[in-house]
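Undergrad: As input, take query-v6.cif (mmCIF, C-alpha atoms (C1' of nucleotides)):
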```
data_target
loop_
_atom_site.label_atom_id
_atom_site.label_comp_id
_atom_site.auth_asym_id
_atom_site.auth_seq_id
_atom_site.Cartn_x
_atom_site.Cartn_y
_atom_site.Cartn_z
CA MET L 257 -21.28 48.02 -5.85
CA GLY L 258 -18.10 47.39 -3.98
CA LYS L 259 -15.26 45.08 -4.85
CA ALA L 260 -15.68 42.57 -7.63
CA SER L 261 -15.32 39.63 -5.25
CA GLN L 262 -14.26 38.81 -1.72
CA PRO L 263 -14.68 35.06 -1.57
CA ARG L 264 -12.33 34.77 1.37
CA GLN L 265 -15.02 36.19 3.63
CA LEU L 266 -17.26 33.20 3.02
CA ASP L 267 -16.73 29.81 4.60
CA PRO L 268 -14.03 28.50 2.31
CA ALA L 269 -14.99 24.91 2.95
CA ALA L 270 -18.61 25.47 2.02
CA ILE L 271 -18.29 24.03 -1.46
CA CYS L 272 -16.77 20.78 -0.29
CA ARG L 273 -19.52 20.27 2.24
CA SER L 274 -22.45 21.03 -0.03
CA SER L 275 -24.10 17.99 -1.50
CA ASP L 276 -23.59 18.67 -5.20
CA PRO L 277 -19.80 18.58 -5.21
CA LEU L 278 -19.97 15.50 -3.03
CA ALA L 279 -22.14 13.88 -5.68
CA VAL L 280 -19.72 14.95 -8.40
CA ARG L 281 -16.85 13.40 -6.54
CA GLU L 282 -18.76 10.14 -6.20
CA LEU L 283 -19.66 10.31 -9.88
CA LEU L 284 -16.08 10.98 -10.90
CA THR L 285 -14.86 8.16 -8.71
CA LYS L 286 -17.28 5.83 -10.45
CA ILE L 287 -16.54 6.75 -14.04
CA GLY L 288 -12.91 7.43 -13.23
CA ASP L 289 -12.07 3.81 -12.69
CA LYS L 290 -10.18 1.77 -15.21
CA TRP L 291 -12.95 0.35 -17.40
CA THR L 292 -16.29 2.08 -16.93
CA ILE L 293 -15.78 4.79 -19.53
CA PHE L 294 -14.74 2.26 -22.17
CA VAL L 295 -17.66 -0.01 -21.41
CA VAL L 296 -20.12 2.87 -21.59
CA LEU L 297 -18.69 4.28 -24.81
CA SER L 298 -18.56 0.83 -26.39
CA LEU L 299 -22.10 0.01 -25.38
CA ASP L 300 -23.22 3.27 -26.95
CA LEU L 301 -21.27 2.49 -30.11
CA LEU L 302 -22.93 -0.91 -30.30
CA GLY L 303 -26.30 0.78 -30.51
CA GLY L 304 -27.04 0.94 -26.81
CA ARG L 305 -27.56 -2.80 -26.47
CA ALA L 306 -25.07 -5.63 -26.52
CA ARG L 307 -24.22 -9.07 -25.24
CA PHE L 308 -21.55 -9.74 -22.65
CA SER L 309 -19.26 -11.32 -25.23
CA GLU L 310 -19.71 -8.40 -27.62
CA LEU L 311 -18.56 -5.99 -24.94
CA GLU L 312 -15.70 -8.30 -24.13
CA ARG L 313 -14.55 -8.03 -27.74
CA ALA L 314 -15.26 -4.31 -27.89
CA VAL L 315 -13.05 -3.45 -24.92
CA PRO L 316 -9.65 -4.95 -25.62
CA GLY L 317 -7.73 -5.92 -22.52
CA ILE L 318 -10.66 -6.19 -20.15
CA SER L 319 -11.02 -9.45 -18.25
CA GLN L 320 -14.30 -11.24 -17.67
CA ARG L 321 -13.99 -10.46 -14.01
CA MET L 322 -13.65 -6.72 -14.56
CA LEU L 323 -16.31 -6.56 -17.27
CA SER L 324 -18.68 -8.40 -15.00
CA SER L 325 -18.08 -6.12 -12.03
CA THR L 326 -18.15 -2.97 -14.15
CA LEU L 327 -21.49 -3.96 -15.63
CA LYS L 328 -22.82 -4.87 -12.20
CA ASN L 329 -21.92 -1.42 -10.91
CA LEU L 330 -23.52 0.25 -13.92
CA GLU L 331 -26.63 -1.83 -13.38
CA ARG L 332 -26.77 -0.93 -9.71
CA ASP L 333 -26.48 2.75 -10.56
CA GLY L 334 -29.34 2.48 -13.01
CA MET L 335 -27.22 3.18 -16.07
CA VAL L 336 -27.77 -0.21 -17.63
CA ILE L 337 -30.40 -2.93 -17.60
CA ARG L 338 -29.43 -6.56 -17.61
CA GLU L 339 -31.66 -8.99 -19.45
CA MET L 340 -31.00 -12.70 -19.43
CA PHE L 341 -32.53 -15.36 -21.63
CA ALA L 342 -33.16 -18.91 -20.53
CA GLU L 343 -31.08 -20.52 -23.22
CA VAL L 344 -28.11 -22.80 -23.38
CA PRO L 345 -25.49 -21.58 -23.73
CA PRO L 346 -26.76 -18.57 -21.81
CA ARG L 347 -27.43 -15.25 -23.48
CA VAL L 348 -27.39 -11.97 -21.57
CA GLU L 349 -27.94 -8.56 -23.02
CA TYR L 350 -27.15 -5.19 -21.53
CA GLU L 351 -29.04 -2.11 -22.55
CA MET L 352 -28.39 1.50 -21.67
CA THR L 353 -31.14 3.27 -19.79
CA ASP L 354 -32.23 6.85 -20.37
CA LEU L 355 -30.22 7.78 -17.30
CA GLY L 356 -27.13 6.16 -18.78
CA ARG L 357 -27.67 7.86 -22.11
CA SER L 358 -28.12 11.23 -20.41
CA LEU L 359 -24.67 10.87 -18.90
CA LEU L 360 -23.20 10.64 -22.39
CA ARG L 361 -23.73 14.37 -22.93
CA PRO L 362 -21.45 15.72 -20.19
CA THR L 363 -19.10 12.83 -20.92
CA GLN L 364 -18.88 13.99 -24.50
CA GLY L 365 -17.87 17.38 -23.13
CA LEU L 366 -14.88 15.73 -21.52
CA VAL L 367 -14.09 13.81 -24.68
CA ASP L 368 -14.09 17.06 -26.62
CA TRP L 369 -11.94 18.80 -24.03
CA ALA L 370 -9.42 15.97 -24.18
CA LYS L 371 -9.44 16.10 -27.97
CA GLU L 372 -8.62 19.80 -27.92
CA ASN L 373 -6.29 20.02 -24.96
CA TRP L 374 -4.62 16.73 -24.25
CA GLN L 375 -1.62 17.59 -26.36
CA GLN L 376 -1.10 20.66 -24.20
CA VAL L 377 -1.25 18.53 -21.07
CA ARG L 378 1.36 16.21 -22.55
CA GLU L 379 3.65 19.14 -23.26
CA ALA L 380 3.21 20.51 -19.75
CA GLN L 381 4.17 17.12 -18.35
CA SER L 382 7.28 16.90 -20.52
CA SER L 383 8.55 20.33 -19.62
CA TYR L 384 7.83 19.65 -15.94
CA ASP L 385 9.68 16.34 -16.06
CA GLU L 386 12.82 17.67 -17.68
CA ARG L 387 13.80 19.99 -14.86
CA MET T 258 -29.66 2.46 -48.56
CA GLY T 259 -29.92 -0.62 -46.43
CA LYS T 260 -30.45 -0.95 -42.71
CA ALA T 261 -30.43 2.07 -40.45
CA SER T 262 -27.23 0.98 -38.75
CA GLN T 263 -24.94 -2.00 -38.64
CA PRO T 264 -22.27 -1.00 -36.14
CA ARG T 265 -21.40 -4.63 -35.53
CA GLN T 266 -19.77 -4.78 -38.94
CA LEU T 267 -17.10 -2.32 -37.85
CA ASP T 268 -14.20 -3.21 -35.64
CA PRO T 269 -15.94 -3.13 -32.30
CA ALA T 270 -12.74 -2.36 -30.45
CA ALA T 271 -11.92 0.64 -32.60
CA ILE T 272 -13.11 3.20 -30.11
CA CYS T 273 -10.99 1.86 -27.28
CA ARG T 274 -7.89 1.90 -29.43
CA SER T 275 -8.31 5.39 -30.84
CA SER T 276 -6.34 8.04 -29.04
CA ASP T 277 -9.17 10.30 -27.88
CA PRO T 278 -10.91 7.82 -25.62
CA LEU T 279 -7.53 6.82 -24.27
CA ALA T 280 -6.94 10.46 -23.35
CA VAL T 281 -10.37 10.67 -21.76
CA ARG T 282 -9.65 7.65 -19.65
CA GLU T 283 -6.38 9.20 -18.48
CA LEU T 284 -8.18 12.46 -17.80
CA LEU T 285 -10.93 10.73 -15.85
CA THR T 286 -8.37 8.77 -13.88
CA LYS T 287 -6.69 12.02 -12.96
CA ILE T 288 -9.73 14.03 -11.91
CA GLY T 289 -11.44 10.92 -10.60
CA ASP T 290 -9.14 10.52 -7.66
CA LYS T 291 -10.16 11.42 -4.16
CA TRP T 292 -9.14 15.09 -3.91
CA THR T 293 -8.42 16.69 -7.29
CA ILE T 294 -11.96 17.82 -8.03
CA PHE T 295 -12.29 19.48 -4.62
CA VAL T 296 -8.95 21.22 -4.91
CA VAL T 297 -9.80 22.53 -8.37
CA LEU T 298 -13.27 23.70 -7.40
CA SER T 299 -11.95 25.31 -4.23
CA LEU T 300 -9.15 27.06 -6.02
CA ASP T 301 -11.66 28.43 -8.49
CA LEU T 302 -13.91 29.56 -5.65
CA LEU T 303 -10.99 31.34 -4.03
CA GLY T 304 -10.60 33.48 -7.12
CA GLY T 305 -8.21 31.24 -9.02
CA ARG T 306 -5.30 31.91 -6.70
CA ALA T 307 -4.66 30.75 -3.16
CA ARG T 308 -2.04 29.78 -0.61
CA PHE T 309 -1.38 26.23 0.48
CA SER T 310 -2.95 26.84 3.88
CA GLU T 311 -6.02 28.44 2.35
CA LEU T 312 -6.61 25.34 0.27
CA GLU T 313 -5.99 23.19 3.29
CA ARG T 314 -8.80 25.02 5.08
CA ALA T 315 -11.00 25.03 1.98
CA VAL T 316 -10.90 21.27 1.55
CA PRO T 317 -11.96 19.74 4.85
CA GLY T 318 -10.43 16.37 5.55
CA ILE T 319 -7.49 16.60 3.19
CA SER T 320 -4.06 15.96 4.68
CA GLN T 321 -0.98 18.00 3.90
CA ARG T 322 0.48 15.01 2.18
CA MET T 323 -2.48 14.59 -0.17
CA LEU T 324 -2.88 18.31 -0.82
CA SER T 325 0.79 18.52 -1.67
CA SER T 326 0.71 15.60 -4.07
CA THR T 327 -2.58 16.69 -5.65
CA LEU T 328 -1.17 20.16 -6.30
CA LYS T 329 2.03 18.68 -7.66
CA ASN T 330 0.06 16.60 -10.15
CA LEU T 331 -2.01 19.59 -11.18
CA GLU T 332 1.16 21.59 -11.65
CA ARG T 333 2.75 18.86 -13.72
CA ASP T 334 -0.31 18.69 -15.95
CA GLY T 335 -0.18 22.44 -16.51
CA MET T 336 -3.42 23.14 -14.68
CA VAL T 337 -1.83 25.18 -11.94
CA ILE T 338 1.23 27.36 -11.47
CA ARG T 339 3.18 27.28 -8.23
CA GLU T 340 4.80 30.50 -7.07
CA MET T 341 6.95 30.61 -3.97
CA PHE T 342 8.18 33.65 -2.08
CA ALA T 343 11.49 33.82 -0.23
CA GLU T 344 9.97 34.64 3.13
CA VAL T 345 9.99 33.12 6.56
CA PRO T 346 7.71 31.42 7.28
CA PRO T 347 7.43 30.44 3.64
CA ARG T 348 4.60 31.59 1.43
CA VAL T 349 3.51 29.66 -1.64
CA GLU T 350 0.68 30.56 -3.94
CA TYR T 351 -1.08 28.41 -6.51
CA GLU T 352 -2.80 29.92 -9.50
CA MET T 353 -5.00 28.29 -12.09
CA THR T 354 -3.76 28.45 -15.65
CA ASP T 355 -5.95 29.02 -18.69
CA LEU T 356 -5.74 25.31 -19.33
CA GLY T 357 -6.99 24.60 -15.83
CA ARG T 358 -9.79 27.11 -16.17
CA SER T 359 -10.82 25.62 -19.51
CA LEU T 360 -11.36 22.29 -17.82
CA LEU T 361 -13.93 23.90 -15.54
CA ARG T 362 -16.44 24.07 -18.39
CA PRO T 363 -16.84 20.33 -19.06
CA THR T 364 -16.49 19.78 -15.33
CA GLN T 365 -19.43 22.07 -14.75
CA GLY T 366 -21.36 19.85 -17.16
CA LEU T 367 -20.78 16.96 -14.80
CA VAL T 368 -21.71 19.06 -11.79
CA ASP T 369 -24.98 19.96 -13.47
CA TRP T 370 -25.66 16.36 -14.42
CA ALA T 371 -25.07 15.25 -10.84
CA LYS T 372 -27.33 18.01 -9.57
CA GLU T 373 -30.15 16.84 -11.83
CA ASN T 374 -29.70 13.10 -11.72
CA TRP T 375 -27.91 12.00 -8.59
CA GLN T 376 -31.14 11.41 -6.73
CA GLN T 377 -32.16 9.00 -9.46
CA VAL T 378 -28.86 7.16 -9.12
CA ARG T 379 -29.43 6.85 -5.38
CA GLU T 380 -32.87 5.40 -5.94
CA ALA T 381 -31.54 2.92 -8.48
CA GLN T 382 -28.95 1.80 -5.94
CA SER T 383 -31.53 1.35 -3.20
CA SER T 384 -33.90 -0.69 -5.30
CA TYR T 385 -30.98 -2.79 -6.54
CA ASP T 386 -29.73 -3.40 -3.03
CA GLU T 387 -33.05 -4.51 -1.60
CA ARG T 388 -33.47 -7.56 -3.76
"C1'" DT Y 93 -19.38 -40.20 -23.24
"C1'" DC Y 94 -17.38 -35.97 -24.02
"C1'" DA Y 95 -16.10 -31.62 -25.86
"C1'" DG Y 96 -17.91 -27.01 -26.79
"C1'" DT Y 97 -20.51 -22.96 -25.68
"C1'" DT Y 98 -21.59 -18.48 -22.81
"C1'" DG Y 99 -21.52 -15.89 -18.94
"C1'" DC Y 100 -20.21 -15.74 -15.26
"C1'" DT Y 101 -17.80 -16.57 -9.97
"C1'" DT Y 102 -13.99 -17.71 -6.87
"C1'" DA Y 103 -9.42 -17.81 -5.21
"C1'" DC Y 104 -5.20 -15.69 -4.88
"C1'" DG Y 105 -1.53 -12.40 -5.37
"C1'" DT Y 106 0.31 -7.70 -6.42
"C1'" DT Y 107 0.29 -2.84 -6.57
"C1'" DG Y 108 -0.76 1.67 -5.66
"C1'" DA Y 109 -3.81 5.08 -3.46
"C1'" DG Y 110 -4.40 7.08 0.50
"C1'" DG Y 111 -4.33 7.73 5.89
"C1'" DT Y 112 -1.53 9.02 10.11
"C1'" DA Y 113 2.06 10.90 12.41
"C1'" DA Y 114 6.36 12.74 12.84
"C1'" DG Y 115 10.36 15.22 11.09
"C1'" DT Y 116 12.43 19.40 8.45
"C1'" DT Y 117 13.81 24.18 7.17
"C1'" DA Y 118 14.71 28.87 8.12
"C1'" DT Y 119 13.87 32.85 10.76
"C1'" DG Y 120 11.73 36.25 13.91
"C1'" DG Y 121 10.08 37.15 18.51
"C1'" DG Y 122 9.98 36.64 23.61
"C1'" DC Q 67 17.55 29.48 24.13
"C1'" DC Q 68 13.47 28.04 22.47
"C1'" DC Q 69 9.15 28.17 20.44
"C1'" DA Q 70 5.97 29.28 16.70
"C1'" DT Q 71 5.01 29.40 11.78
"C1'" DA Q 72 4.17 27.67 6.72
"C1'" DA Q 73 4.80 24.41 3.63
"C1'" DC Q 74 6.31 20.63 2.98
"C1'" DT Q 75 8.60 15.60 3.09
"C1'" DT Q 76 9.31 10.98 4.93
"C1'" DA Q 77 8.22 6.68 6.97
"C1'" DC Q 78 5.01 3.36 7.76
"C1'" DC Q 79 0.73 0.95 7.36
"C1'" DT Q 80 -3.83 -0.55 5.47
"C1'" DC Q 81 -7.07 -1.57 2.19
"C1'" DA Q 82 -9.25 -1.71 -2.13
"C1'" DA Q 83 -8.53 -2.04 -7.11
"C1'" DC Q 84 -7.01 -4.84 -10.41
"C1'" DG Q 85 -4.79 -8.87 -12.88
"C1'" DT Q 86 -4.50 -13.94 -13.64
"C1'" DA Q 87 -6.16 -18.35 -13.71
"C1'" DA Q 88 -9.22 -21.77 -12.84
"C1'" DG Q 89 -13.78 -23.59 -11.91
"C1'" DC Q 90 -18.77 -23.98 -12.85
"C1'" DA Q 91 -23.63 -24.67 -14.77
"C1'" DA Q 92 -26.51 -26.50 -18.11
"C1'" DC Q 93 -27.42 -28.12 -22.30
"C1'" DT Q 94 -26.31 -29.55 -27.39
"C1'" DG Q 95 -24.30 -32.04 -30.95
"C1'" DA Q 96 -20.84 -35.46 -32.43
#
```
Can you present the structure in this file as structure tokens?
TA:
Amino acid sequence: MGKASQPRQLDPAAICRSSDPLAVRELLTKIGDKWTIFVVLSLDLLGGRARFSELERAVPGISQRMLSSTLKNLERDGMVIREMFAEVPPRVEYEMTDLGRSLLRPTQGLVDWAKENWQQVREAQSSYDER
Amino acid sequence: MGKASQPRQLDPAAICRSSDPLAVRELLTKIGDKWTIFVVLSLDLLGGRARFSELERAVPGISQRMLSSTLKNLERDGMVIREMFAEVPPRVEYEMTDLGRSLLRPTQGLVDWAKENWQQVREAQSSYDER
DNA sequence: TCAGTTGCTTACGTTGAGGTAAGTTATGGG
DNA sequence: CCCATAACTTACCTCAACGTAAGCAACTGA
């Protein structure tokens, strides 16, 4: 065998044009917005099924507008199912799908990473800022 | 023992106020922007160390402005080290830190999830859109 | 008649992310 | 003298994300 690696011989842009990283970027853009991760984690904490108003209480600071649009996006992506009941006042329940639950695993990986390393990030920021 | 679970008895907003999920949201906001994930993956592919212009070529579509600011953020967060050489024309190299490399593990979890499930997301979107 | 309830939507304004294009610095080579 | 080069920075503009506040539907109970 020759050298350990010569990645510069390959098309360097290959990774950014292949479909998987494109999907990851889309995924990260989706769950990287301001509220999605909190809504997903809260819904999981509430047993995987909750009413609109329960989520509203579970995610402090979120507005009805943002909760509504966040849930709509999650529903469109197949992460959540919306079920409405013909009652007055209306009752609507949101339930995580298998697909949504499956995303909790890699998400937990990020939660764990943050738990272990966020302090280090903070310190890096401080020492960068004070020069 | 009583019921299997009664999560609604707990403070439902607890998770969103605890520090770990707050860190995850910050983390997701950082790597959820338009270019960071591509820059990180490309830098890794290039052996963990690369010049500005190499990254520019590796990430098709990125502008100098965005590459510069993305790298600056990564440097500030301690993910990357910037090394400049007193030459003309200038040469600058960026190298991943251990912290940056450690983030690749949970990131790979997301890449794998996208690889397995993105098609399903697409289908969910289509069937949602056509009603 | 009227207030209260839930789960929204609509209107409007602000802010920041990101795109485009041009300028900058310092030097070697023709 | 002037251009090329690498790695930026700066100026300017646009658009989408997000916040705030109000409106709405449909029925119940006082």
Undergrad: Produce a table with one row for each residue of chain T that has an atom at most 10 Å from any atom of chain Q, each row naming the nearest atom pair and its distance in Å at one decimal; use all atoms listed in the file; arrange rows by chain and rising residue number; format as a tab-separated table.
TA:
```
residue	atom	partner	partner_atom	distance
T:Arg308	CA	Q:DA73	C1'	9.7
T:Phe309	CA	Q:DA73	C1'	7.2
T:Ser310	CA	Q:DA72	C1'	7.7
T:Gln321	CA	Q:DC74	C1'	7.8
T:Arg322	CA	Q:DC74	C1'	8.1
T:Ser325	CA	Q:DC74	C1'	7.5
T:Glu344	CA	Q:DA72	C1'	9.8
T:Val345	CA	Q:DA72	C1'	8.0
T:Pro346	CA	Q:DA72	C1'	5.2
T:Pro347	CA	Q:DA72	C1'	5.3
T:Arg348	CA	Q:DA72	C1'	6.6
T:Val349	CA	Q:DA73	C1'	7.5
```
Undergrad: One decimal, Å: what's the distance from CA of Val316 in chain T over to CA of Met336 in chain T, could you say?
TA: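 We find that CA of Val316 in chain T and CA of Met336 in chain T lie 18.0 Å from each other.
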Undergrad: Could you list, as number ranges by chain, every residue of chain Y that has an atom within 10 Å of an atom of chain L, counting all atoms listed in the file?
TA: Y: 96-101
Undergrad: If I take C1' of DA103 in chain Y and CA of Glu312 in chain L, how far is one from the other in Å, to one decimal?
TA: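 These two atoms are separated by 22.1 Å.
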Undergrad: I need every residue sitting at most 10 Å from the point (-12.8, 23.7, 2.3) (coordinates as in the file, all atoms listed in the file considered), written as an NGL selection string.
TA: (:L and (267-273)) or (:T and (295-296 or 298-300 or 302 or 311-319))
Undergrad: Name the residues captured by the PyMOL selection byres ((chain T) within 6 of (chain L)) when it is applied to the shown file; answer as a PyMOL selection string.
TA: chain T and resi 264+269-270+277+281+285-286+289+303+315-316+333-335+363+366-368+371-372+378+381-382+385
Undergrad: Could you tell me how far CA of Met353 in chain T sits from CA of Arg306 in chain T, in Å to one decimal place?
TA: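 Distance reported for this atom pair: 6.5 Å.
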Undergrad: Enclose all atoms of range 85-96 of chain Q listed in the file in an axis-aligned box, grow every side by 5 Å, and hand back centre and edge lengths in Å to one decimal, as JSON.
TA:
```
{"center_x": -16.0, "center_y": -22.2, "center_z": -22.2, "size_x": 32.9, "size_y": 36.6, "size_z": 30.5}
```
Undergrad: In terms of the shortest atom-to-atom distance over all atoms listed in the file, which of T:Met323, T:Ala343, T:Val337, T:Ser275 is closest to Asp355 in chain T?
TA: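 Using all atoms listed in the file, Asp355 in chain T sits closest to T:Val337.
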